[in-house]
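Data from upload_31.cif: mmCIF, C-alpha atoms
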data_query
loop_
_atom_site.label_atom_id
_atom_site.label_comp_id
_atom_site.auth_asym_id
_atom_site.auth_seq_id
_atom_site.Cartn_x
_atom_site.Cartn_y
_atom_site.Cartn_z
CA MET H 4 13.12 18.82 -14.04
CA GLY H 5 9.54 19.72 -13.23
CA PHE H 6 7.63 17.83 -10.59
CA ILE H 7 3.99 16.91 -10.40
CA TYR H 8 2.96 16.58 -6.78
CA ARG H 9 0.01 14.24 -6.76
CA PHE H 10 -0.33 12.33 -3.56
CA ALA H 11 -2.88 9.57 -3.22
CA THR H 12 -3.40 9.26 0.50
CA ILE H 13 -4.01 6.14 2.54
CA CYS H 14 -6.46 6.68 5.36
CA SER H 15 -7.55 3.11 4.71
CA PHE H 16 -6.98 1.66 8.09
CA LEU H 17 -8.35 4.42 10.26
CA LEU H 18 -11.65 3.04 11.45
CA LEU H 19 -13.47 6.30 10.77
CA CYS H 20 -12.83 5.59 7.10
CA SER H 21 -14.12 2.06 7.60
CA PHE H 22 -17.34 3.39 9.09
CA PHE H 23 -17.84 5.67 6.11
CA PHE H 24 -17.25 2.88 3.61
CA PHE H 25 -19.50 0.38 5.30
CA GLN H 26 -22.27 2.91 5.74
CA LEU H 27 -22.21 3.27 1.98
CA SER H 28 -21.97 -0.42 1.19
CA SER H 29 -23.90 -2.38 3.75
CA SER H 30 -25.49 -0.43 6.56
CA ALA H 31 -27.61 2.07 4.69
CA LEU H 32 -31.40 1.70 4.74
CA VAL H 33 -31.56 2.28 1.00
CA GLN H 34 -29.74 -0.17 -1.28
CA GLN H 35 -26.59 1.49 -2.62
CA GLN H 36 -25.24 1.04 -6.13
CA PRO H 37 -21.95 -0.90 -6.37
CA LEU H 38 -18.88 1.30 -6.17
CA VAL H 39 -17.33 1.65 -9.62
CA LEU H 40 -13.90 3.12 -10.24
CA LYS H 41 -13.98 5.15 -13.44
CA TYR H 42 -11.21 4.69 -16.00
CA HIS H 43 -9.94 8.08 -17.18
CA ASN H 44 -8.20 6.78 -20.33
CA GLY H 45 -4.63 7.36 -19.14
CA PRO H 46 -1.70 4.92 -19.22
CA LEU H 47 -1.31 2.23 -16.58
CA LEU H 48 1.95 0.59 -15.50
CA LYS H 49 2.12 -2.81 -17.17
CA GLY H 50 4.75 -5.31 -18.23
CA ASN H 51 8.10 -5.51 -16.43
CA ILE H 52 8.42 -2.74 -13.82
CA THR H 53 11.66 -2.15 -11.92
CA VAL H 54 11.16 -1.34 -8.24
CA ASN H 55 13.97 0.59 -6.51
CA LEU H 56 13.96 0.88 -2.72
CA ILE H 57 15.16 3.88 -0.72
CA TRP H 58 15.53 3.06 3.00
CA TYR H 59 15.57 6.27 5.03
CA GLY H 60 16.61 5.88 8.66
CA GLN H 61 17.37 2.79 10.71
CA PHE H 62 15.90 -0.51 9.52
CA SER H 63 17.14 -3.84 10.80
CA PRO H 64 18.18 -6.52 8.29
CA VAL H 65 15.13 -8.55 9.33
CA GLN H 66 12.79 -5.63 8.68
CA ARG H 67 14.29 -5.08 5.24
CA SER H 68 14.03 -8.78 4.43
CA ILE H 69 10.31 -8.87 5.31
CA ILE H 70 9.53 -6.05 2.88
CA VAL H 71 11.80 -7.41 0.15
CA ASP H 72 10.21 -10.85 0.52
CA PHE H 73 6.77 -9.26 0.16
CA LEU H 74 7.74 -7.54 -3.08
CA GLN H 75 9.29 -10.71 -4.47
CA SER H 76 6.20 -12.68 -3.47
CA LEU H 77 3.94 -10.63 -5.75
CA ASN H 78 5.09 -12.40 -8.89
CA SER H 79 6.23 -15.74 -7.50
CA PRO H 80 4.21 -18.83 -8.48
CA ARG H 81 5.87 -21.02 -5.83
CA PRO H 82 3.97 -20.25 -2.59
CA PRO H 83 0.73 -22.16 -2.00
CA LEU H 84 -2.67 -20.53 -2.40
CA PRO H 85 -3.90 -18.15 -1.23
CA SER H 86 -0.76 -16.24 -2.12
CA ALA H 87 0.49 -12.69 -2.47
CA ALA H 88 0.82 -13.42 -6.20
CA SER H 89 -2.84 -14.40 -6.50
CA TRP H 90 -3.75 -11.14 -4.73
CA TRP H 91 -1.58 -9.14 -7.14
CA ARG H 92 -3.12 -10.82 -10.19
CA THR H 93 -6.28 -8.78 -9.60
CA THR H 94 -4.35 -5.79 -11.00
CA SER H 95 -4.10 -7.65 -14.34
CA LYS H 96 -7.89 -7.35 -14.69
CA TYR H 97 -7.48 -3.61 -15.15
CA LYS H 98 -6.89 -2.51 -18.76
CA GLY H 99 -3.55 -3.35 -20.31
CA GLY H 100 -2.61 -6.70 -18.80
CA SER H 101 -0.32 -7.73 -15.97
CA ALA H 102 2.38 -5.84 -14.09
CA VAL H 103 5.51 -7.79 -13.17
CA LEU H 104 7.52 -6.16 -10.37
CA LEU H 105 11.28 -6.69 -10.58
CA LEU H 106 13.46 -5.74 -7.62
CA GLY H 107 16.05 -3.19 -8.69
CA LYS H 108 18.58 -1.20 -6.65
CA GLN H 109 18.41 -0.50 -2.93
CA PHE H 110 19.70 2.72 -1.39
CA VAL H 111 20.28 2.89 2.37
CA HIS H 112 20.25 6.27 4.17
CA GLU H 113 20.76 5.21 7.77
CA ALA H 114 22.20 8.60 8.75
CA SER H 115 18.92 10.42 7.91
CA THR H 116 20.90 13.21 6.26
CA LEU H 117 17.76 15.22 5.43
CA GLY H 118 16.70 15.22 9.07
CA LYS H 119 13.91 13.39 10.83
CA ASN H 120 11.08 15.75 9.95
CA LEU H 121 10.49 15.38 6.23
CA LYS H 122 8.39 17.51 3.90
CA ASN H 123 6.86 16.38 0.63
CA TYR H 124 9.75 17.81 -1.36
CA HIS H 125 12.15 15.66 0.68
CA LEU H 126 10.21 12.56 -0.38
CA VAL H 127 10.44 13.61 -4.03
CA ALA H 128 14.19 14.20 -3.65
CA LEU H 129 14.67 10.78 -2.09
CA ALA H 130 12.54 9.15 -4.79
CA SER H 131 14.79 10.76 -7.41
CA LYS H 132 17.87 9.04 -5.94
CA PRO H 133 17.92 6.11 -8.42
CA ALA H 134 17.77 8.44 -11.45
CA SER H 135 20.37 10.83 -10.02
CA SER H 136 22.64 7.85 -9.32
CA GLY H 137 22.56 6.79 -12.94
CA VAL H 138 20.24 3.83 -12.49
CA SER H 139 18.52 3.17 -15.79
CA THR H 140 15.87 0.70 -16.81
CA ALA H 141 14.54 -0.48 -20.13
CA GLY H 142 10.95 0.05 -19.01
CA PRO H 143 8.86 1.73 -16.35
CA SER H 144 10.07 1.97 -12.77
CA ILE H 145 8.77 2.81 -9.31
CA SER H 146 10.87 4.38 -6.56
CA ILE H 147 9.71 3.35 -3.09
CA VAL H 148 10.77 5.55 -0.17
CA LEU H 149 10.47 3.79 3.20
CA THR H 150 10.92 5.88 6.35
CA ALA H 151 11.94 4.44 9.72
CA LYS H 152 9.87 4.48 12.91
CA ASP H 153 11.51 7.63 14.32
CA VAL H 154 11.13 9.69 11.12
CA ALA H 155 8.21 12.12 10.95
CA VAL H 156 6.69 13.06 7.61
CA ASP H 157 4.19 15.84 6.90
CA GLY H 158 0.70 14.44 7.33
CA PHE H 159 1.94 11.08 8.64
CA CYS H 160 -0.44 9.75 11.31
CA MET H 161 -2.78 12.71 10.81
CA ASN H 162 -4.28 11.96 7.41
CA ARG H 163 -2.01 9.45 5.71
CA CYS H 164 0.11 6.35 6.23
CA GLY H 165 1.60 6.33 2.74
CA THR H 166 1.22 8.02 -0.62
CA HIS H 167 2.00 7.63 -4.28
CA GLY H 168 2.62 10.23 -6.92
CA SER H 169 4.62 11.00 -10.04
CA THR H 170 7.34 13.28 -11.32
CA ARG H 171 7.62 14.74 -14.80
CA GLY H 172 11.00 15.22 -16.40
CA LYS H 173 12.15 13.72 -19.68
CA THR H 174 9.84 10.85 -18.81
CA ARG H 175 7.11 10.33 -16.25
CA SER H 176 8.21 8.42 -13.17
CA ALA H 177 6.09 6.95 -10.38
CA TYR H 178 7.07 6.94 -6.73
CA ILE H 179 5.74 5.75 -3.39
CA TRP H 180 6.28 6.67 0.23
CA VAL H 181 5.31 4.51 3.22
CA GLY H 182 6.26 5.12 6.86
CA ASN H 183 6.82 2.81 9.81
CA SER H 184 4.17 3.77 12.37
CA GLU H 185 5.42 1.66 15.30
CA LEU H 186 6.33 4.61 17.56
CA GLN H 187 4.04 7.27 16.13
CA CYS H 188 0.59 5.86 15.36
CA PRO H 189 0.28 2.06 15.15
CA GLY H 190 -3.42 2.35 15.99
CA TYR H 191 -3.88 4.44 12.87
CA CYS H 192 -1.51 2.89 10.34
CA ALA H 193 -0.95 -0.67 11.60
CA TRP H 194 -4.52 -1.79 12.36
CA PRO H 195 -5.60 -4.61 12.67
CA PHE H 196 -2.26 -5.56 14.27
CA HIS H 197 -2.67 -2.84 16.91
CA GLN H 198 -5.58 -1.57 18.98
CA PRO H 199 -7.36 1.06 16.85
CA ILE H 200 -7.37 4.74 17.79
CA TYR H 201 -11.06 5.06 16.95
CA GLY H 202 -14.02 2.76 16.62
CA PRO H 203 -14.74 -0.62 18.21
CA GLN H 204 -11.87 -1.70 20.45
CA THR H 205 -11.54 -5.27 19.27
CA PRO H 206 -8.37 -7.19 20.21
CA PRO H 207 -5.51 -6.75 17.72
CA LEU H 208 -4.44 -9.65 15.54
CA VAL H 209 -1.10 -11.37 16.00
CA ALA H 210 1.43 -10.20 13.40
CA PRO H 211 2.64 -13.05 11.14
CA ASN H 212 6.19 -11.69 10.86
CA GLY H 213 6.52 -10.51 14.45
CA ASP H 214 6.83 -6.77 13.77
CA VAL H 215 3.70 -4.62 14.08
CA GLY H 216 5.29 -1.57 12.46
CA VAL H 217 6.50 -3.51 9.43
CA GLU H 218 3.21 -5.42 9.14
CA GLY H 219 1.49 -2.03 8.88
CA MET H 220 4.01 -1.00 6.23
CA ILE H 221 3.18 -4.14 4.23
CA ILE H 222 -0.55 -3.36 4.29
CA ASN H 223 0.03 0.25 3.27
CA LEU H 224 2.67 -0.63 0.68
CA ALA H 225 0.26 -3.12 -0.88
CA THR H 226 -2.36 -0.38 -1.00
CA VAL H 227 -0.22 2.21 -2.75
CA LEU H 228 1.42 -0.33 -5.08
CA ALA H 229 -1.99 -1.34 -6.41
CA GLY H 230 -2.94 2.32 -6.70
CA THR H 231 0.32 3.12 -8.49
CA VAL H 232 0.01 0.55 -11.28
CA THR H 233 -3.72 1.22 -11.83
CA ASN H 234 -3.58 5.01 -11.48
CA PRO H 235 0.05 6.11 -11.87
CA PHE H 236 -0.45 9.56 -13.38
CA ALA H 237 -3.86 10.72 -12.09
CA ASP H 238 -5.68 9.57 -15.23
CA GLY H 239 -6.14 5.86 -14.59
CA TYR H 240 -8.74 4.16 -12.39
CA TYR H 241 -10.15 6.19 -9.51
CA GLN H 242 -13.22 7.88 -8.16
CA GLY H 243 -13.12 11.50 -6.96
CA PRO H 244 -11.04 14.52 -7.97
CA PRO H 245 -7.81 13.74 -9.88
CA ASN H 246 -5.49 15.51 -7.42
CA ALA H 247 -6.98 13.72 -4.42
CA PRO H 248 -8.81 10.57 -5.51
CA MET H 249 -11.19 9.33 -2.84
CA TYR H 250 -11.03 5.72 -3.99
CA GLU H 251 -8.44 3.68 -5.85
CA ALA H 252 -7.95 -0.07 -6.32
CA VAL H 253 -7.51 -0.88 -2.62
CA THR H 254 -8.79 2.25 -0.85
CA ALA H 255 -12.16 1.40 -2.43
CA CYS H 256 -12.18 -1.60 -0.07
CA THR H 257 -11.27 0.13 3.18
CA GLY H 258 -10.89 -2.10 6.23
CA ILE H 259 -11.66 -5.38 4.44
CA PHE H 260 -9.23 -8.31 4.72
CA GLY H 261 -11.59 -11.27 4.57
CA LYS H 262 -15.22 -12.23 4.08
CA GLY H 263 -17.72 -10.84 6.56
CA ALA H 264 -15.69 -7.75 7.43
CA TYR H 265 -17.41 -4.86 9.20
CA PRO H 266 -16.18 -1.80 11.14
CA GLY H 267 -13.66 -2.95 13.71
CA TYR H 268 -13.57 -6.52 12.34
CA PRO H 269 -11.18 -7.27 9.44
CA GLY H 270 -13.11 -10.33 8.29
CA GLU H 271 -12.43 -14.06 8.27
CA VAL H 272 -8.72 -14.67 7.86
CA LEU H 273 -6.40 -17.63 8.32
CA VAL H 274 -4.69 -18.29 11.65
CA ASP H 275 -1.37 -20.09 12.05
CA LYS H 276 -1.97 -23.00 14.44
CA THR H 277 1.47 -22.70 16.03
CA SER H 278 1.97 -18.94 16.42
CA GLY H 279 -1.64 -17.76 16.43
CA ALA H 280 -0.72 -15.17 13.78
CA SER H 281 -3.37 -13.97 11.35
CA TYR H 282 -2.77 -13.87 7.61
CA ASN H 283 -4.47 -14.37 4.27
CA ALA H 284 -1.55 -14.78 1.85
CA HIS H 285 1.51 -17.01 1.55
CA GLY H 286 4.77 -15.54 0.27
CA VAL H 287 8.31 -16.58 -0.57
CA ASN H 288 10.71 -17.94 2.05
CA GLY H 289 7.81 -19.21 4.14
CA ARG H 290 6.45 -15.71 4.78
CA LYS H 291 2.82 -15.00 5.54
CA PHE H 292 1.12 -11.65 4.98
CA LEU H 293 -2.21 -9.97 5.65
CA LEU H 294 -3.25 -8.15 2.47
CA PRO H 295 -6.23 -5.82 2.00
CA ALA H 296 -9.10 -6.55 -0.35
CA MET H 297 -8.82 -5.11 -3.86
CA TRP H 298 -11.57 -3.80 -6.11
CA ASP H 299 -12.14 -6.18 -9.04
CA PRO H 300 -13.11 -4.29 -12.22
CA GLN H 301 -14.78 -7.39 -13.67
CA THR H 302 -17.22 -7.76 -10.79
CA SER H 303 -17.25 -4.17 -9.43
CA ALA H 304 -16.77 -5.70 -5.99
CA CYS H 305 -14.01 -6.01 -3.39
CA ALA H 306 -12.15 -9.27 -3.87
CA THR H 307 -10.67 -11.03 -0.84
CA LEU H 308 -8.24 -13.94 -0.77
CA VAL H 309 -10.18 -15.90 1.86
#

Before we go any further, please render this structure as structure tokens.
Amino acid sequence: MGFIYRFATICSFLLLCSFFFFQLSSSALVQQQPLVLKYHNGPLLKGNITVNLIWYGQFSPVQRSIIVDFLQSLNSPRPPLPSAASWWRTTSKYKGGSAVLLLGKQFVHEASTLGKNLKNYHLVALASKPASSGVSTAGPSISIVLTAKDVAVDGFCMNRCGTHGSTRGKTRSAYIWVGNSELQCPGYCAWPFHQPIYGPQTPPLVAPNGDVGVEGMIINLATVLAGTVTNPFADGYYQGPPNAPMYEAVTACTGIFGKGAYPGYPGEVLVDKTSGASYNAHGVNGRKFLLPAMWDPQTSACATLV
């Protein structure tokens, strides 16, 4: 099997990236043109998509349930608005219709058999676990590799919090990696739930699910999931070079979670009156999440939930 290594990198929540974005969009002396993601005429992931999870390292049952609940919230009509499902529906405005994520198999590697310092090829090997285990689907699938807080990955905390890419064998297959930054760089990959490494030192928000590392994973997983379905094989929607797109569906809206966002301030979001936690989306099982703004191809603007 031949592999295509194409990693779309999330630097979304490093405030240096936020400064760059906002200088382009709102702070410049000369009026800037709206950011437009170009469609490169390739296939997008639409219809029913099976999502297989590969847990690498130690995750508690509660941590796993938070992430699983987030994924199941993306297509659930039950939670009240604003919801994770209403956020996800923005992806249906991209060519080809809606993407329905269906939870598939879960693989747990608590023993970290590949070690705790992973290279890119380790991520590809882990992402290939469902196929090598005989898991088959009738349609497209995404393998999501999630690494625990004590697992280092090349580039993690230096220039990325998560990535997505694809492999080429008999069929193309999309995969995602996202790491838990709790011990390694929460100020880089879990902002605004942790004090930022750079930029204005505004107080962190209170995490709605009580776990700063996992809350960061949710934000970054949301980012790469949107990028995966709208640019799965480097010929979908993006701006920049194909092997390292500068902007995709969510990275085009760096640092924005609510209206009025600016560098160091995530924008107006909802606050739970009891816990003081900040969120902008309801999910299944009473969950609340903070989800990043997504570029809307119909308006060529970043759409927020609140």

**Message:** Please report the interatomic distance between atom CA of H:Arg175 and atom CA of H:Phe236 in Å with one decimal.
**Reply:** 8.1 Å

**Request:** Would you mind reading off the distance between atom CA of H:Asn120 and atom CA of H:Ile69, one decimal, in Å?
**Result:**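 About the pair atom CA of H:Asn120 and atom CA of H:Ile69: they are 25.1 Å apart.
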
**Item:** Chain and number of each residue from the PyMOL selection byres ((chain H and resi 146-157) around 7), as a ChimeraX atom specification
**Value:** /H:54-62,119-123,129-130,144-145,158-159,177-186

**Message:** Between atom CA of H:Asp72 and atom CA of H:Tyr241, what is the distance in Å, rounded to a tenth?
**Reply:**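 Interatomic distance, atom CA of H:Asp72 to atom CA of H:Tyr241: 28.4 Å.
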
**Request:** Return as a VMD selection string the set of residues that the PyMOL selection byres ((chain H and resi 267-275) around 10) yields on the displayed structure.
**Result:** chain H and resid 16 to 19 21 to 22 85 194 to 195 198 to 199 201 to 209 211 257 to 266 276 to 284 291 293 295 307 to 309

**Asked** Which residue gives the smallest distance to H:Ile70 among H:Ala296, H:Leu105, H:Leu224, H:Val111, with only C-alpha atoms counted?
**Response** H:Leu224

**Prompt:** Once the PyMOL selection byres ((chain H and resi 251) around 7) has been applied to the shown file, what residues remain in the selection, as a ChimeraX atom specification?
**Reply:** /H:230,240-242,248-250,252-255

**Message:** Counting all atoms listed in the file, which residue out of H:Pro82, H:Pro37, H:Pro189, H:Pro133 sits closest to H:Gly286?
**Reply:**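 Result for the nearest residue to H:Gly286: H:Pro82.
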
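When all atoms listed in the file are used to compute distances to H:Arg163, the closest of the residues H:Ala114, H:Val215, H:Val227, H:Ala128 turns out to be H:Val227.
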
**Item:** Residues within 7 Å of stretch 40-48 of chain H, all atoms listed in the file, excluding chain neighbours under 3 positions, as a PyMOL selection string
**Value:** chain H and resi 102+232-235+238-242

Write the selection just made, keeping C-alpha atoms, as a compact mmCIF listing (two decimals), keeping the file's coordinate frame?
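Okay, this is what ended up in again_39.txt:
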# COMPACT_ATOMS: atom_id res chain seq x y z
CA ALA H 102 2.38 -5.84 -14.09
CA VAL H 232 0.01 0.55 -11.28
CA THR H 233 -3.72 1.22 -11.83
CA ASN H 234 -3.58 5.01 -11.48
CA PRO H 235 0.05 6.11 -11.87
CA ASP H 238 -5.68 9.57 -15.23
CA GLY H 239 -6.14 5.86 -14.59
CA TYR H 240 -8.74 4.16 -12.39
CA TYR H 241 -10.15 6.19 -9.51
CA GLN H 242 -13.22 7.88 -8.16

**Request:** Considering all atoms listed in the file, return as a VMD selection string whatever protein or nucleic-acid residues lie within 8 Å of H:Ser79, sequence-local ones (same chain, fewer than 4 positions apart) excluded.
**Result:** chain H and resid 75 88 286 to 287

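With all atoms listed in the file as the atoms that count, the minimum distance from H:Asn246 to the choices H:Gly118, H:Gly168, H:Pro83, H:Gly100 is reached by H:Gly168.
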
Would you give the centre and edge lengths, in Å to one decimal, of a box along x, y and z around the listed atoms of stretch 46-55 of chain H, with 8 Å added to each side, as JSON?
{"center_x": 6.1, "center_y": -0.3, "center_z": -12.9, "size_x": 31.7, "size_y": 26.4, "size_z": 28.7}

Up to 6 Å from (-8.5, -8.8, -13.9) in the file's coordinates: name the residues, counting all atoms listed in the file, as a PDB file with C-alpha atoms, in the coordinates of the input.
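Heads up, here's the output in selection_19.pdb:
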ATOM      1  CA  THR H  93      -6.280  -8.780  -9.600  1.00  0.00           C
ATOM      2  CA  THR H  94      -4.350  -5.790 -11.000  1.00  0.00           C
ATOM      3  CA  SER H  95      -4.100  -7.650 -14.340  1.00  0.00           C
ATOM      4  CA  LYS H  96      -7.890  -7.350 -14.690  1.00  0.00           C
ATOM      5  CA  TYR H  97      -7.480  -3.610 -15.150  1.00  0.00           C
TER       6      TYR H  97
END

**Item:** Nearest-residue call for H:Ser63, choices H:Ala306, H:Cys256, H:Val217, H:Ala247, using only C-alpha atoms
**Value:**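 Checking each of H:Ala306, H:Cys256, H:Val217, H:Ala247 against H:Ser63, counting only C-alpha atoms, the winner is H:Val217.
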
When you get a chance, write out N, CA and C atoms for stretch 53-86 of chain H, as a PDB file, keeping the file's coordinate frame.
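Listing of selection-v5.pdb after writing:
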ATOM      1  N   THR H  53      10.568  -2.102 -12.886  1.00  0.00           N
ATOM      2  CA  THR H  53      11.660  -2.150 -11.920  1.00  0.00           C
ATOM      3  C   THR H  53      11.283  -1.357 -10.673  1.00  0.00           C
ATOM      4  N   VAL H  54      11.471  -1.979  -9.522  1.00  0.00           N
ATOM      5  CA  VAL H  54      11.160  -1.340  -8.240  1.00  0.00           C
ATOM      6  C   VAL H  54      12.461  -1.082  -7.491  1.00  0.00           C
ATOM      7  N   ASN H  55      12.774   0.200  -7.267  1.00  0.00           N
ATOM      8  CA  ASN H  55      13.970   0.590  -6.510  1.00  0.00           C
ATOM      9  C   ASN H  55      13.556   1.024  -5.110  1.00  0.00           C
ATOM     10  N   LEU H  56      14.294   0.594  -4.107  1.00  0.00           N
ATOM     11  CA  LEU H  56      13.960   0.880  -2.720  1.00  0.00           C
ATOM     12  C   LEU H  56      14.921   1.896  -2.123  1.00  0.00           C
ATOM     13  N   ILE H  57      14.369   2.882  -1.434  1.00  0.00           N
ATOM     14  CA  ILE H  57      15.160   3.880  -0.720  1.00  0.00           C
ATOM     15  C   ILE H  57      14.812   3.768   0.757  1.00  0.00           C
ATOM     16  N   TRP H  58      15.735   3.250   1.561  1.00  0.00           N
ATOM     17  CA  TRP H  58      15.530   3.060   3.000  1.00  0.00           C
ATOM     18  C   TRP H  58      16.050   4.292   3.717  1.00  0.00           C
ATOM     19  N   TYR H  59      15.156   5.029   4.356  1.00  0.00           N
ATOM     20  CA  TYR H  59      15.570   6.270   5.030  1.00  0.00           C
ATOM     21  C   TYR H  59      15.443   6.084   6.541  1.00  0.00           C
ATOM     22  N   GLY H  60      16.588   6.112   7.226  1.00  0.00           N
ATOM     23  CA  GLY H  60      16.610   5.880   8.660  1.00  0.00           C
ATOM     24  C   GLY H  60      17.022   4.450   8.966  1.00  0.00           C
ATOM     25  N   GLN H  61      16.875   4.077  10.232  1.00  0.00           N
ATOM     26  CA  GLN H  61      17.370   2.790  10.710  1.00  0.00           C
ATOM     27  C   GLN H  61      16.331   1.681  10.516  1.00  0.00           C
ATOM     28  N   PHE H  62      16.668   0.720   9.689  1.00  0.00           N
ATOM     29  CA  PHE H  62      15.900  -0.510   9.520  1.00  0.00           C
ATOM     30  C   PHE H  62      16.825  -1.682   9.803  1.00  0.00           C
ATOM     31  N   SER H  63      16.325  -2.659  10.541  1.00  0.00           N
ATOM     32  CA  SER H  63      17.140  -3.840  10.800  1.00  0.00           C
ATOM     33  C   SER H  63      17.165  -4.716   9.546  1.00  0.00           C
ATOM     34  N   PRO H  64      18.161  -5.597   9.434  1.00  0.00           N
ATOM     35  CA  PRO H  64      18.180  -6.520   8.290  1.00  0.00           C
ATOM     36  C   PRO H  64      16.910  -7.364   8.203  1.00  0.00           C
ATOM     37  N   VAL H  65      16.357  -7.758   9.348  1.00  0.00           N
ATOM     38  CA  VAL H  65      15.130  -8.550   9.330  1.00  0.00           C
ATOM     39  C   VAL H  65      13.972  -7.730   8.779  1.00  0.00           C
ATOM     40  N   GLN H  66      13.867  -6.481   9.193  1.00  0.00           N
ATOM     41  CA  GLN H  66      12.790  -5.630   8.680  1.00  0.00           C
ATOM     42  C   GLN H  66      12.905  -5.457   7.171  1.00  0.00           C
ATOM     43  N   ARG H  67      14.111  -5.231   6.690  1.00  0.00           N
ATOM     44  CA  ARG H  67      14.290  -5.080   5.240  1.00  0.00           C
ATOM     45  C   ARG H  67      13.939  -6.376   4.512  1.00  0.00           C
ATOM     46  N   SER H  68      14.298  -7.510   5.110  1.00  0.00           N
ATOM     47  CA  SER H  68      14.030  -8.780   4.430  1.00  0.00           C
ATOM     48  C   SER H  68      12.531  -9.065   4.343  1.00  0.00           C
ATOM     49  N   ILE H  69      11.758  -8.657   5.355  1.00  0.00           N
ATOM     50  CA  ILE H  69      10.310  -8.870   5.310  1.00  0.00           C
ATOM     51  C   ILE H  69       9.702  -8.117   4.130  1.00  0.00           C
ATOM     52  N   ILE H  70      10.093  -6.871   3.958  1.00  0.00           N
ATOM     53  CA  ILE H  70       9.530  -6.050   2.880  1.00  0.00           C
ATOM     54  C   ILE H  70      10.017  -6.530   1.519  1.00  0.00           C
ATOM     55  N   VAL H  71      11.280  -6.883   1.423  1.00  0.00           N
ATOM     56  CA  VAL H  71      11.800  -7.410   0.150  1.00  0.00           C
ATOM     57  C   VAL H  71      11.102  -8.726  -0.203  1.00  0.00           C
ATOM     58  N   ASP H  72      10.911  -9.581   0.776  1.00  0.00           N
ATOM     59  CA  ASP H  72      10.210 -10.850   0.520  1.00  0.00           C
ATOM     60  C   ASP H  72       8.782 -10.591   0.046  1.00  0.00           C
ATOM     61  N   PHE H  73       8.121  -9.588   0.623  1.00  0.00           N
ATOM     62  CA  PHE H  73       6.770  -9.260   0.160  1.00  0.00           C
ATOM     63  C   PHE H  73       6.782  -8.866  -1.311  1.00  0.00           C
ATOM     64  N   LEU H  74       7.686  -7.987  -1.686  1.00  0.00           N
ATOM     65  CA  LEU H  74       7.740  -7.540  -3.080  1.00  0.00           C
ATOM     66  C   LEU H  74       8.047  -8.707  -4.022  1.00  0.00           C
ATOM     67  N   GLN H  75       8.949  -9.579  -3.617  1.00  0.00           N
ATOM     68  CA  GLN H  75       9.290 -10.710  -4.470  1.00  0.00           C
ATOM     69  C   GLN H  75       8.180 -11.761  -4.504  1.00  0.00           C
ATOM     70  N   SER H  76       7.316 -11.732  -3.498  1.00  0.00           N
ATOM     71  CA  SER H  76       6.200 -12.680  -3.470  1.00  0.00           C
ATOM     72  C   SER H  76       5.118 -12.333  -4.485  1.00  0.00           C
ATOM     73  N   LEU H  77       5.052 -11.074  -4.914  1.00  0.00           N
ATOM     74  CA  LEU H  77       3.940 -10.630  -5.750  1.00  0.00           C
ATOM     75  C   LEU H  77       3.918 -11.280  -7.127  1.00  0.00           C
ATOM     76  N   ASN H  78       5.058 -11.756  -7.577  1.00  0.00           N
ATOM     77  CA  ASN H  78       5.090 -12.400  -8.890  1.00  0.00           C
ATOM     78  C   ASN H  78       5.625 -13.825  -8.831  1.00  0.00           C
ATOM     79  N   SER H  79       5.693 -14.388  -7.635  1.00  0.00           N
ATOM     80  CA  SER H  79       6.230 -15.740  -7.500  1.00  0.00           C
ATOM     81  C   SER H  79       5.112 -16.774  -7.536  1.00  0.00           C
ATOM     82  N   PRO H  80       5.234 -17.782  -8.409  1.00  0.00           N
ATOM     83  CA  PRO H  80       4.210 -18.830  -8.480  1.00  0.00           C
ATOM     84  C   PRO H  80       4.415 -19.944  -7.460  1.00  0.00           C
ATOM     85  N   ARG H  81       5.515 -19.896  -6.689  1.00  0.00           N
ATOM     86  CA  ARG H  81       5.870 -21.020  -5.830  1.00  0.00           C
ATOM     87  C   ARG H  81       5.020 -21.154  -4.563  1.00  0.00           C
ATOM     88  N   PRO H  82       4.730 -20.071  -3.837  1.00  0.00           N
ATOM     89  CA  PRO H  82       3.970 -20.250  -2.590  1.00  0.00           C
ATOM     90  C   PRO H  82       2.582 -20.833  -2.827  1.00  0.00           C
ATOM     91  N   PRO H  83       2.069 -21.585  -1.849  1.00  0.00           N
ATOM     92  CA  PRO H  83       0.730 -22.160  -2.000  1.00  0.00           C
ATOM     93  C   PRO H  83      -0.354 -21.098  -1.943  1.00  0.00           C
ATOM     94  N   LEU H  84      -1.530 -21.438  -2.456  1.00  0.00           N
ATOM     95  CA  LEU H  84      -2.670 -20.530  -2.400  1.00  0.00           C
ATOM     96  C   LEU H  84      -3.312 -20.581  -1.025  1.00  0.00           C
ATOM     97  N   PRO H  85      -3.891 -19.459  -0.597  1.00  0.00           N
ATOM     98  CA  PRO H  85      -3.900 -18.150  -1.230  1.00  0.00           C
ATOM     99  C   PRO H  85      -2.529 -17.487  -1.089  1.00  0.00           C
ATOM    100  N   SER H  86      -2.112 -16.790  -2.109  1.00  0.00           N
ATOM    101  CA  SER H  86      -0.760 -16.240  -2.120  1.00  0.00           C
ATOM    102  C   SER H  86      -0.782 -14.750  -2.420  1.00  0.00           C
TER     103      SER H  86
END
